[in-house]
Every structure is written in structure tokens, then in C-alpha cells.
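J.: File name entry25.tsv; file contents TSV, C-alpha atoms and all ligand atoms; full text below.
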```tsv
chain	number	residue	atom	x	y	z
A	392	MET	CA	-41.67	-16.18	68.27
A	393	THR	CA	-40.29	-16.09	64.75
A	394	LYS	CA	-40.44	-12.59	63.30
A	395	ILE	CA	-41.94	-11.87	59.90
A	396	VAL	CA	-39.86	-9.41	57.88
A	397	LEU	CA	-40.97	-7.90	54.56
A	398	VAL	CA	-38.12	-6.99	52.21
A	399	ALA	CA	-39.03	-4.84	49.22
A	400	ALA	CA	-37.62	-2.34	46.77
A	401	VAL	CA	-40.23	0.34	46.17
A	402	ALA	CA	-40.25	3.28	43.78
A	403	ARG	CA	-41.46	6.79	44.70
A	404	ASN	CA	-44.85	5.93	43.10
A	405	GLY	CA	-45.10	2.62	44.97
A	406	ALA	CA	-44.20	0.48	41.93
A	407	ILE	CA	-42.33	-2.75	42.61
A	408	GLY	CA	-42.78	-4.63	39.34
A	409	VAL	CA	-43.75	-4.44	35.69
A	410	LYS	CA	-44.61	-7.23	33.24
A	411	GLY	CA	-43.44	-9.93	35.64
A	412	GLY	CA	-40.05	-8.36	36.29
A	413	LEU	CA	-38.44	-5.45	38.09
A	414	PRO	CA	-38.93	-1.94	36.65
A	415	TRP	CA	-35.20	-1.19	37.02
A	416	ARG	CA	-31.74	-2.68	37.10
A	417	ILE	CA	-30.04	-1.98	40.43
A	418	PRO	CA	-27.33	-4.58	41.13
A	419	SER	CA	-26.46	-2.87	44.45
A	420	ASP	CA	-29.99	-3.52	45.70
A	421	LEU	CA	-29.83	-7.18	44.65
A	422	LYS	CA	-26.62	-7.41	46.68
A	423	HIS	CA	-28.42	-5.82	49.65
A	424	LEU	CA	-31.33	-8.30	49.21
A	425	ARG	CA	-28.88	-11.20	49.16
A	426	ALA	CA	-27.19	-10.03	52.38
A	427	THR	CA	-30.52	-9.34	54.12
A	428	THR	CA	-32.02	-12.74	53.30
A	429	TRP	CA	-28.85	-14.87	53.54
A	430	GLY	CA	-29.20	-18.02	55.65
A	431	ARG	CA	-32.91	-17.44	56.15
A	432	PRO	CA	-36.17	-18.87	54.84
A	433	MET	CA	-37.87	-16.68	52.22
A	434	ILE	CA	-41.55	-16.73	51.35
A	435	MET	CA	-42.49	-15.60	47.83
A	436	GLY	CA	-45.50	-15.66	45.53
A	437	ARG	CA	-45.47	-18.07	42.61
A	438	LYS	CA	-45.19	-15.18	40.11
A	439	THR	CA	-42.08	-13.85	41.84
A	440	PHE	CA	-40.60	-17.35	41.86
A	441	ASP	CA	-41.33	-17.64	38.11
A	442	SER	CA	-39.51	-14.34	37.51
A	443	ILE	CA	-36.43	-15.70	39.32
A	444	GLY	CA	-36.85	-19.19	37.86
A	445	LYS	CA	-34.78	-21.10	40.42
A	446	PRO	CA	-34.17	-21.32	44.15
A	447	LEU	CA	-31.61	-18.72	45.22
A	448	PRO	CA	-28.47	-20.11	46.85
A	449	GLY	CA	-27.79	-19.73	50.56
A	450	ARG	CA	-31.46	-19.38	51.48
A	451	GLU	CA	-34.54	-21.60	51.50
A	452	SER	CA	-37.41	-20.69	49.19
A	453	ILE	CA	-41.03	-21.25	50.14
A	454	VAL	CA	-43.29	-20.65	47.14
A	455	VAL	CA	-46.97	-19.88	47.77
A	456	THR	CA	-49.38	-21.08	45.10
A	457	ARG	CA	-52.97	-22.31	44.75
A	458	ASP	CA	-51.83	-24.59	41.91
A	459	ALA	CA	-51.91	-28.14	43.33
A	460	SER	CA	-49.62	-29.38	40.55
A	461	PHE	CA	-46.83	-26.84	41.24
A	462	ALA	CA	-43.52	-28.45	42.15
A	463	HIS	CA	-39.92	-27.36	41.66
A	464	GLU	CA	-36.73	-28.99	42.81
A	465	GLY	CA	-35.17	-27.29	45.81
A	466	VAL	CA	-38.21	-25.28	46.93
A	467	HIS	CA	-40.85	-25.79	49.60
A	468	VAL	CA	-44.42	-25.34	48.35
A	469	ALA	CA	-47.18	-23.77	50.46
A	470	ARG	CA	-50.86	-23.71	49.50
A	471	SER	CA	-51.75	-20.73	51.70
A	472	ILE	CA	-50.10	-17.87	53.60
A	473	ASP	CA	-50.76	-19.71	56.88
A	474	ASP	CA	-49.01	-22.81	55.49
A	475	ALA	CA	-46.08	-20.72	54.30
A	476	ILE	CA	-45.63	-19.17	57.74
A	477	VAL	CA	-45.81	-22.57	59.47
A	478	ILE	CA	-43.18	-23.97	57.07
A	479	GLY	CA	-41.12	-20.78	57.38
A	480	ALA	CA	-41.12	-20.93	61.18
A	481	ALA	CA	-40.01	-24.58	61.14
A	482	ARG	CA	-37.26	-23.86	58.61
A	483	ALA	CA	-36.11	-20.76	60.56
A	484	GLN	CA	-35.78	-22.90	63.67
A	485	ALA	CA	-33.86	-25.57	61.74
A	486	MET	CA	-31.58	-22.89	60.28
A	487	GLY	CA	-31.00	-21.32	63.69
A	488	VAL	CA	-32.49	-17.92	62.79
A	489	GLU	CA	-35.39	-15.94	64.19
A	490	GLU	CA	-36.80	-14.42	61.01
A	491	ILE	CA	-38.89	-15.40	58.03
A	492	MET	CA	-38.34	-13.06	55.08
A	493	VAL	CA	-41.24	-12.22	52.75
A	494	VAL	CA	-39.70	-11.16	49.44
A	495	GLY	CA	-42.73	-10.37	47.30
A	496	GLY	CA	-44.43	-9.72	45.13
A	497	GLY	CA	-47.32	-7.33	45.52
A	498	GLU	CA	-49.95	-9.93	46.33
A	499	LEU	CA	-47.73	-11.52	48.98
A	500	TYR	CA	-46.84	-8.16	50.58
A	501	ARG	CA	-50.55	-7.29	50.80
A	502	ALA	CA	-51.36	-10.69	52.31
A	503	THR	CA	-48.63	-10.54	54.98
A	504	LEU	CA	-48.36	-6.85	55.91
A	505	ASP	CA	-50.76	-7.17	58.87
A	506	ARG	CA	-48.57	-9.91	60.39
A	507	ALA	CA	-45.22	-8.28	59.67
A	508	ASP	CA	-42.96	-7.26	62.56
A	509	ARG	CA	-40.42	-5.39	60.43
A	510	ILE	CA	-40.12	-3.96	56.92
A	511	VAL	CA	-36.79	-3.52	55.16
A	512	LEU	CA	-37.62	-1.03	52.44
A	513	SER	CA	-35.29	0.01	49.64
A	514	GLU	CA	-36.74	3.31	48.50
A	515	VAL	CA	-35.75	3.64	44.86
A	516	ASP	CA	-35.38	7.16	43.50
A	517	LEU	CA	-37.47	6.55	40.35
A	518	ALA	CA	-41.16	6.68	39.43
A	519	PRO	CA	-41.37	4.04	36.68
A	520	GLU	CA	-44.35	2.49	34.93
A	521	GLY	CA	-45.52	-0.43	37.07
A	522	ASP	CA	-48.26	-3.04	37.40
A	523	SER	CA	-47.35	-4.34	40.88
A	524	PHE	CA	-47.28	-2.04	43.89
A	525	PHE	CA	-46.29	-2.14	47.54
A	526	PRO	CA	-49.30	-1.59	49.83
A	527	ALA	CA	-49.71	1.87	51.36
A	528	LEU	CA	-48.25	2.04	54.86
A	529	ASP	CA	-50.02	3.66	57.78
A	530	MET	CA	-46.98	5.42	59.26
A	531	SER	CA	-48.68	5.79	62.65
A	532	ARG	CA	-48.13	2.02	62.97
A	533	TRP	CA	-44.46	1.94	61.99
A	534	ARG	CA	-41.36	3.64	63.30
A	535	GLU	CA	-38.11	4.01	61.43
A	536	VAL	CA	-35.21	2.35	63.28
A	537	SER	CA	-32.52	2.92	60.67
A	538	ARG	CA	-31.88	4.62	57.36
A	539	GLU	CA	-28.89	4.29	55.06
A	540	THR	CA	-28.13	5.36	51.50
A	541	PRO	CA	-25.49	3.07	49.96
A	542	PRO	CA	-23.18	4.62	47.36
A	543	ARG	CA	-24.72	4.39	43.89
A	544	GLY	CA	-23.01	1.70	41.79
A	545	GLU	CA	-22.02	2.52	38.22
A	546	ASN	CA	-24.52	-0.06	36.86
A	547	ASP	CA	-27.39	1.07	39.09
A	548	ASP	CA	-30.32	2.76	37.29
A	549	ALA	CA	-30.93	4.85	40.41
A	550	ALA	CA	-29.86	5.48	43.98
A	551	PHE	CA	-31.86	3.94	46.82
A	552	THR	CA	-32.22	4.43	50.57
A	553	VAL	CA	-32.69	1.44	52.87
A	554	ARG	CA	-35.16	2.19	55.67
A	555	VAL	CA	-35.88	-0.35	58.38
A	556	LEU	CA	-39.32	0.04	59.93
A	557	GLU	CA	-40.58	-1.73	63.03
A	558	ARG	CA	-44.16	-2.12	64.08
A	559	VAL	CA	-45.08	0.33	66.83
A	601	LIG	N1	-39.35	-4.65	43.92
A	601	LIG	C1	-39.37	-5.73	44.69
A	601	LIG	O1	-38.83	-5.73	45.82
A	601	LIG	C2	-40.05	-6.98	44.20
A	601	LIG	C3	-39.97	-8.16	44.95
A	601	LIG	C4	-40.62	-9.30	44.47
A	601	LIG	C5	-41.33	-9.25	43.29
A	601	LIG	N2	-41.39	-8.09	42.59
A	601	LIG	C6	-42.18	-7.99	41.35
A	601	LIG	O2	-43.56	-8.19	41.69
A	601	LIG	C7	-44.24	-8.77	40.58
A	601	LIG	C8	-44.96	-10.01	41.05
A	601	LIG	O3	-45.92	-9.66	42.03
A	601	LIG	P1	-47.45	-10.17	41.95
A	601	LIG	O4	-48.24	-9.47	42.98
A	601	LIG	O5	-47.88	-10.11	40.52
A	601	LIG	O6	-47.31	-11.74	42.27
A	601	LIG	P2	-46.70	-12.54	43.52
A	601	LIG	O7	-47.16	-11.94	44.80
A	601	LIG	O8	-45.26	-12.78	43.31
A	601	LIG	O9	-47.39	-13.97	43.29
A	601	LIG	C9	-48.80	-14.07	43.22
A	601	LIG	C10	-49.16	-15.55	43.23
A	601	LIG	O10	-48.88	-16.10	44.51
A	601	LIG	C11	-49.87	-17.09	44.81
A	601	LIG	N3	-50.64	-16.62	45.97
A	601	LIG	C12	-50.82	-15.35	46.40
A	601	LIG	N4	-51.57	-15.32	47.51
A	601	LIG	C13	-51.86	-16.60	47.82
A	601	LIG	C14	-52.61	-17.22	48.86
A	601	LIG	N5	-53.21	-16.50	49.82
A	601	LIG	N6	-52.72	-18.57	48.85
A	601	LIG	C15	-52.11	-19.32	47.90
A	601	LIG	N7	-51.39	-18.78	46.87
A	601	LIG	C16	-51.27	-17.45	46.84
A	601	LIG	C17	-50.72	-17.23	43.58
A	601	LIG	O11	-50.07	-18.19	42.77
A	601	LIG	P3	-50.82	-19.13	41.69
A	601	LIG	O12	-51.30	-18.21	40.61
A	601	LIG	O13	-49.76	-20.09	41.21
A	601	LIG	O14	-51.94	-19.81	42.43
A	601	LIG	C18	-50.62	-15.85	42.96
A	601	LIG	O15	-50.92	-15.80	41.58
A	601	LIG	C19	-43.17	-9.04	39.52
A	601	LIG	O16	-43.15	-7.97	38.60
A	601	LIG	C20	-41.89	-9.07	40.33
A	601	LIG	O17	-40.74	-8.74	39.56
A	601	LIG	C21	-40.76	-6.97	43.03
```
I need this file expressed as C-alpha cells, please.
T.:
Amino acid sequence: MTKIVLVAAVARNGAIGVKGGLPWRIPSDLKHLRATTWGRPMIMGRKTFDSIGKPLPGRESIVVTRDASFAHEGVHVARSIDDAIVIGAARAQAMGVEEIMVVGGGELYRATLDRADRIVLSEVDLAPEGDSFFPALDMSRWREVSRETPPRGENDDAAFTVRVLERV
């Protein structure tokens, strides 16, 4: 079965976004996101897609929206989470991978957490103002399988630690 993997950068206070964008500038985490999602299908909410504005290269984007008129060149459109997972599983198979990546934002993380097999969490060492948050995790249901703190880049607003959690 195709695995569902949530990938998120989360501040100490749970913030993931503010005013439609990220609350920080951390190029090293964007590089990590690129490597983690490369060659894989990615599911994202329409608001997250709007904040990026285009399909990201080297991956396939599946945008979830209730807006029947939404269309954008180079992206798959799903009208529900179930649809997005069906499309994601088919695309994963076509791409020869076993994972569908859910890359945000807050509404999408909340809607998919119960079905997730793994979470790749960048814990950002900041507590910024935010209006989108990662859902609270019940740590009795997740076990940490790896943890790594990449060296802080000179253009990074903060350091971050990548923790990979798997469902118990
Ligand atoms: N730190 C991180 O790792 C990270 C990652 C991604 C995003 N973000 C940030 O998160 C924020 C965006 O998050 P958000 O929670 O506001 O929005 P979001 O999850 O990106 O998108 C929400 C939209 O997705 C669609 N949607 C959600 N659930 C659906 C369902 N069950 N069926 C059909 N459509 C559904 C709806 O689109 P329609 O309104 O078109 O119907 C909804 O308005 C931004 O600030 C962004 O920068 C942070």
C-alpha cells in the first residue's frame, strides 16, 4: 500500500504559516523539502498552492479545492481528500515510488493526519506570530525513527531539527 507522509516545518509554538506565507526564511529547509519530495506526488491545499503559484519541478502537484472552476496548467486537481489520495496513489505507482507526500497547509495536515504513516517534521527554533498551525500530535501514537540537525545556513532565520516519526 502507498504510504502517506506528512512533511511540515513547524515552529516551537506550532505555527506553520502567516498571512498566506511562511513565517520565516529558511533556504536550508526548502532544500530539505525539495530532496524529501523529489520524484514523488505531493498533495497540497489550494491556499498553499496559491502561495507557491506554480507546480514545483521534479514532483507532481495535486491541489485539493472545493472550487469547481479551479484549474492550473501542470497540476492535478482533487475535489476531496479521498480523491487526492486516489490520484496520489495512481501517480506514485506511475512514478515508481511508494509514498504520497502531504505538504500542507494547516487544513490539509489536519485532514490527513489520521491516515498518515509517517511525519517528516522540521522543528524550527522560533516562536513567530502565525495564523496556520500544525495539529497537536499524540506522542503515544508516534515513535521517532530519526533526528538530525543540519548546519545552519548563513541565510537561514533559524536552525531546525528534522525528526522522522512513524505511526506506532
Ligand atoms: N511550514 C510549512 O511546512 C508549511 C507548508 C505548507 C503551507 N504552509 C503555510 O500554511 C498556510 C496555508 O494553510 P491553510 O490551512 O490556510 O490552507 P491549505 O491547507 O493550504 O489550503 C486550504 C484549502 O484547501 C482546500 N481544501 C481543504 N480541505 C479540503 C477538502 N476536504 N476538500 C476539498 N478541498 C479542501 C480548500 O480550498 P478552496 O478554498 O479552494 O476550496 C481550502 O480553502 C500558508 O501560510 C502557507 O504558507 C506552511
J.: Which protein, DNA or RNA residues have an atom within 9 Å of ligand LIG 601 (chain A), counting only C-alpha atoms and all ligand atoms, as an NGL selection string?
T.: :A and (398-402 or 406-415 or 424 or 435-443 or 454-459 or 461 or 469-475 or 493-502 or 512-513 or 521-525)
J.: Taking only residues of region 404-521 of chain A that have an atom at most 12 Å from an atom of region 527-542 of chain A, what is each one's shortest atom pair and its distance in Å to one decimal, using all atoms listed in the file, in chain and number order, as a tab-separated table?
T.:
```
residue	atom	partner	partner_atom	distance
A:Asn404	CA	A:Ala527	CA	10.4
A:Gly405	CA	A:Ala527	CA	7.9
A:Ala406	CA	A:Ala527	CA	11.0
A:Ile417	CA	A:Pro541	CA	11.7
A:Pro418	CA	A:Pro541	CA	11.8
A:Ser419	CA	A:Pro541	CA	8.2
A:Asp420	CA	A:Pro541	CA	9.0
A:Lys422	CA	A:Pro541	CA	11.0
A:His423	CA	A:Pro541	CA	9.4
A:Gly497	CA	A:Ala527	CA	11.2
A:Tyr500	CA	A:Ala527	CA	10.5
A:Arg501	CA	A:Ala527	CA	9.2
A:Leu504	CA	A:Leu528	CA	9.0
A:Asp505	CA	A:Leu528	CA	10.4
A:Ala507	CA	A:Trp533	CA	10.5
A:Asp508	CA	A:Trp533	CA	9.3
A:Arg509	CA	A:Trp533	CA	8.5
A:Ile510	CA	A:Trp533	CA	8.9
A:Val511	CA	A:Ser537	CA	9.5
A:Leu512	CA	A:Arg538	CA	9.4
A:Ser513	CA	A:Thr540	CA	9.1
A:Glu514	CA	A:Thr540	CA	9.3
A:Val515	CA	A:Thr540	CA	10.3
A:Asp516	CA	A:Thr540	CA	10.9
```
J.: CA of Glu490 (chain A) to CA of Gly449 (chain A): how many Å, to one decimal?
T.: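 Pair CA of Glu490 (chain A) / CA of Gly449 (chain A) returns 14.8 Å.
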J.: Can you work out the spacing between CA of Pro526 (chain A) and CA of Thr552 (chain A) in Å, to one decimal?
T.: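 A separation of 18.1 Å between them.
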J.: Which is closest to Lys394 (chain A) among A:Glu489, A:Gly465, A:Ser452, A:Ala483, if we use all atoms listed in the file?
T.: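 Ranking A:Glu489, A:Gly465, A:Ser452, A:Ala483 by distance to Lys394 (chain A), first place goes to A:Glu489.
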J.: Return the single residue from A:Val396, A:Val555, A:Ala550, A:Ala485 that is closest to Gly430 (chain A), with distances computed using all atoms listed in the file.
T.: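 Among A:Val396, A:Val555, A:Ala550, A:Ala485, it is A:Ala485 that comes nearest to Gly430 (chain A).
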J.: Dig up all the protein and nucleic acid residues within 8 Å of (-41.8, -15.7, 63.3) in the file frame, using all atoms listed in the file, and format them as a PDB file with C-alpha atoms, keeping the file's coordinate frame.
T.:
```pdb
ATOM      1  CA  MET A 392     -41.670 -16.180  68.270  1.00  0.00           C
ATOM      2  CA  THR A 393     -40.290 -16.090  64.750  1.00  0.00           C
ATOM      3  CA  LYS A 394     -40.440 -12.590  63.300  1.00  0.00           C
ATOM      4  CA  ILE A 395     -41.940 -11.870  59.900  1.00  0.00           C
ATOM      5  CA  ILE A 476     -45.630 -19.170  57.740  1.00  0.00           C
ATOM      6  CA  GLY A 479     -41.120 -20.780  57.380  1.00  0.00           C
ATOM      7  CA  ALA A 480     -41.120 -20.930  61.180  1.00  0.00           C
ATOM      8  CA  GLU A 489     -35.390 -15.940  64.190  1.00  0.00           C
ATOM      9  CA  GLU A 490     -36.800 -14.420  61.010  1.00  0.00           C
ATOM     10  CA  ILE A 491     -38.890 -15.400  58.030  1.00  0.00           C
TER      11      ILE A 491
END
```
J.: What does the structure give for the distance between CA of Val488 (chain A) and CA of Phe551 (chain A), in Å to one decimal?
T.: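 Rounded to one decimal, the two atoms are 27.1 Å apart.
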J.: Given all atoms listed in the file as the basis, pick out the residue of A:Arg416, A:Leu397, A:Glu464, A:Arg431 nearest to Thr503 (chain A).
T.: A:Leu397
J.: Would you mind putting back N, CA and C atoms on region 412-437 of chain A, then writing it out as an mmCIF file, in the frame of the given file?
T.:
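Contents of selection.cif, freshly written:
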```
data_model
loop_
_atom_site.group_PDB
_atom_site.id
_atom_site.type_symbol
_atom_site.label_atom_id
_atom_site.label_comp_id
_atom_site.auth_asym_id
_atom_site.auth_seq_id
_atom_site.Cartn_x
_atom_site.Cartn_y
_atom_site.Cartn_z
ATOM 1 N N GLY A 412 -41.453 -8.574 35.880
ATOM 2 C CA GLY A 412 -40.050 -8.360 36.290
ATOM 3 C C GLY A 412 -39.914 -7.086 37.097
ATOM 4 N N LEU A 413 -38.691 -6.690 37.358
ATOM 5 C CA LEU A 413 -38.440 -5.450 38.090
ATOM 6 C C LEU A 413 -38.435 -4.275 37.112
ATOM 7 N N PRO A 414 -38.886 -3.102 37.547
ATOM 8 C CA PRO A 414 -38.930 -1.940 36.650
ATOM 9 C C PRO A 414 -37.557 -1.271 36.486
ATOM 10 N N TRP A 415 -36.535 -1.826 37.042
ATOM 11 C CA TRP A 415 -35.200 -1.190 37.020
ATOM 12 C C TRP A 415 -34.130 -2.262 37.098
ATOM 13 N N ARG A 416 -32.889 -1.797 36.902
ATOM 14 C CA ARG A 416 -31.740 -2.680 37.100
ATOM 15 C C ARG A 416 -30.850 -2.008 38.140
ATOM 16 N N ILE A 417 -30.824 -2.586 39.343
ATOM 17 C CA ILE A 417 -30.040 -1.980 40.430
ATOM 18 C C ILE A 417 -29.248 -3.103 41.124
ATOM 19 N N PRO A 418 -28.106 -3.484 40.549
ATOM 20 C CA PRO A 418 -27.330 -4.580 41.130
ATOM 21 C C PRO A 418 -27.004 -4.363 42.620
ATOM 22 N N SER A 419 -26.779 -3.115 43.029
ATOM 23 C CA SER A 419 -26.460 -2.870 44.450
ATOM 24 C C SER A 419 -27.621 -3.268 45.352
ATOM 25 N N ASP A 420 -28.859 -3.117 44.870
ATOM 26 C CA ASP A 420 -29.990 -3.520 45.700
ATOM 27 C C ASP A 420 -30.119 -5.039 45.745
ATOM 28 N N LEU A 421 -29.788 -5.712 44.644
ATOM 29 C CA LEU A 421 -29.830 -7.180 44.650
ATOM 30 C C LEU A 421 -28.798 -7.722 45.647
ATOM 31 N N LYS A 422 -27.659 -7.026 45.714
ATOM 32 C CA LYS A 422 -26.620 -7.410 46.680
ATOM 33 C C LYS A 422 -27.138 -7.219 48.119
ATOM 34 N N HIS A 423 -27.818 -6.103 48.335
ATOM 35 C CA HIS A 423 -28.420 -5.820 49.650
ATOM 36 C C HIS A 423 -29.472 -6.884 49.989
ATOM 37 N N LEU A 424 -30.292 -7.270 48.998
ATOM 38 C CA LEU A 424 -31.330 -8.300 49.210
ATOM 39 C C LEU A 424 -30.672 -9.621 49.591
ATOM 40 N N ARG A 425 -29.600 -9.951 48.887
ATOM 41 C CA ARG A 425 -28.880 -11.200 49.160
ATOM 42 C C ARG A 425 -28.357 -11.205 50.605
ATOM 43 N N ALA A 426 -27.755 -10.105 51.018
ATOM 44 C CA ALA A 426 -27.190 -10.030 52.380
ATOM 45 C C ALA A 426 -28.300 -10.086 53.433
ATOM 46 N N THR A 427 -29.426 -9.436 53.145
ATOM 47 C CA THR A 427 -30.520 -9.340 54.120
ATOM 48 C C THR A 427 -31.224 -10.684 54.308
ATOM 49 N N THR A 428 -31.270 -11.485 53.238
ATOM 50 C CA THR A 428 -32.020 -12.740 53.300
ATOM 51 C C THR A 428 -31.118 -13.953 53.532
ATOM 52 N N TRP A 429 -29.807 -13.748 53.486
ATOM 53 C CA TRP A 429 -28.850 -14.870 53.540
ATOM 54 C C TRP A 429 -29.068 -15.759 54.766
ATOM 55 N N GLY A 430 -29.088 -17.079 54.542
ATOM 56 C CA GLY A 430 -29.200 -18.020 55.650
ATOM 57 C C GLY A 430 -30.580 -18.096 56.268
ATOM 58 N N ARG A 431 -31.571 -17.515 55.576
ATOM 59 C CA ARG A 431 -32.910 -17.440 56.150
ATOM 60 C C ARG A 431 -33.950 -18.043 55.198
ATOM 61 N N PRO A 432 -35.090 -18.454 55.739
ATOM 62 C CA PRO A 432 -36.170 -18.870 54.840
ATOM 63 C C PRO A 432 -36.854 -17.655 54.216
ATOM 64 N N MET A 433 -37.209 -17.783 52.945
ATOM 65 C CA MET A 433 -37.870 -16.680 52.220
ATOM 66 C C MET A 433 -39.201 -17.186 51.675
ATOM 67 N N ILE A 434 -40.243 -16.418 51.924
ATOM 68 C CA ILE A 434 -41.550 -16.730 51.350
ATOM 69 C C ILE A 434 -41.753 -15.828 50.128
ATOM 70 N N MET A 435 -42.199 -16.421 49.016
ATOM 71 C CA MET A 435 -42.490 -15.600 47.830
ATOM 72 C C MET A 435 -43.715 -16.141 47.103
ATOM 73 N N GLY A 436 -44.381 -15.256 46.370
ATOM 74 C CA GLY A 436 -45.500 -15.660 45.530
ATOM 75 C C GLY A 436 -44.979 -16.434 44.320
ATOM 76 N N ARG A 437 -45.869 -17.246 43.754
ATOM 77 C CA ARG A 437 -45.470 -18.070 42.610
ATOM 78 C C ARG A 437 -44.995 -17.199 41.439
#
```
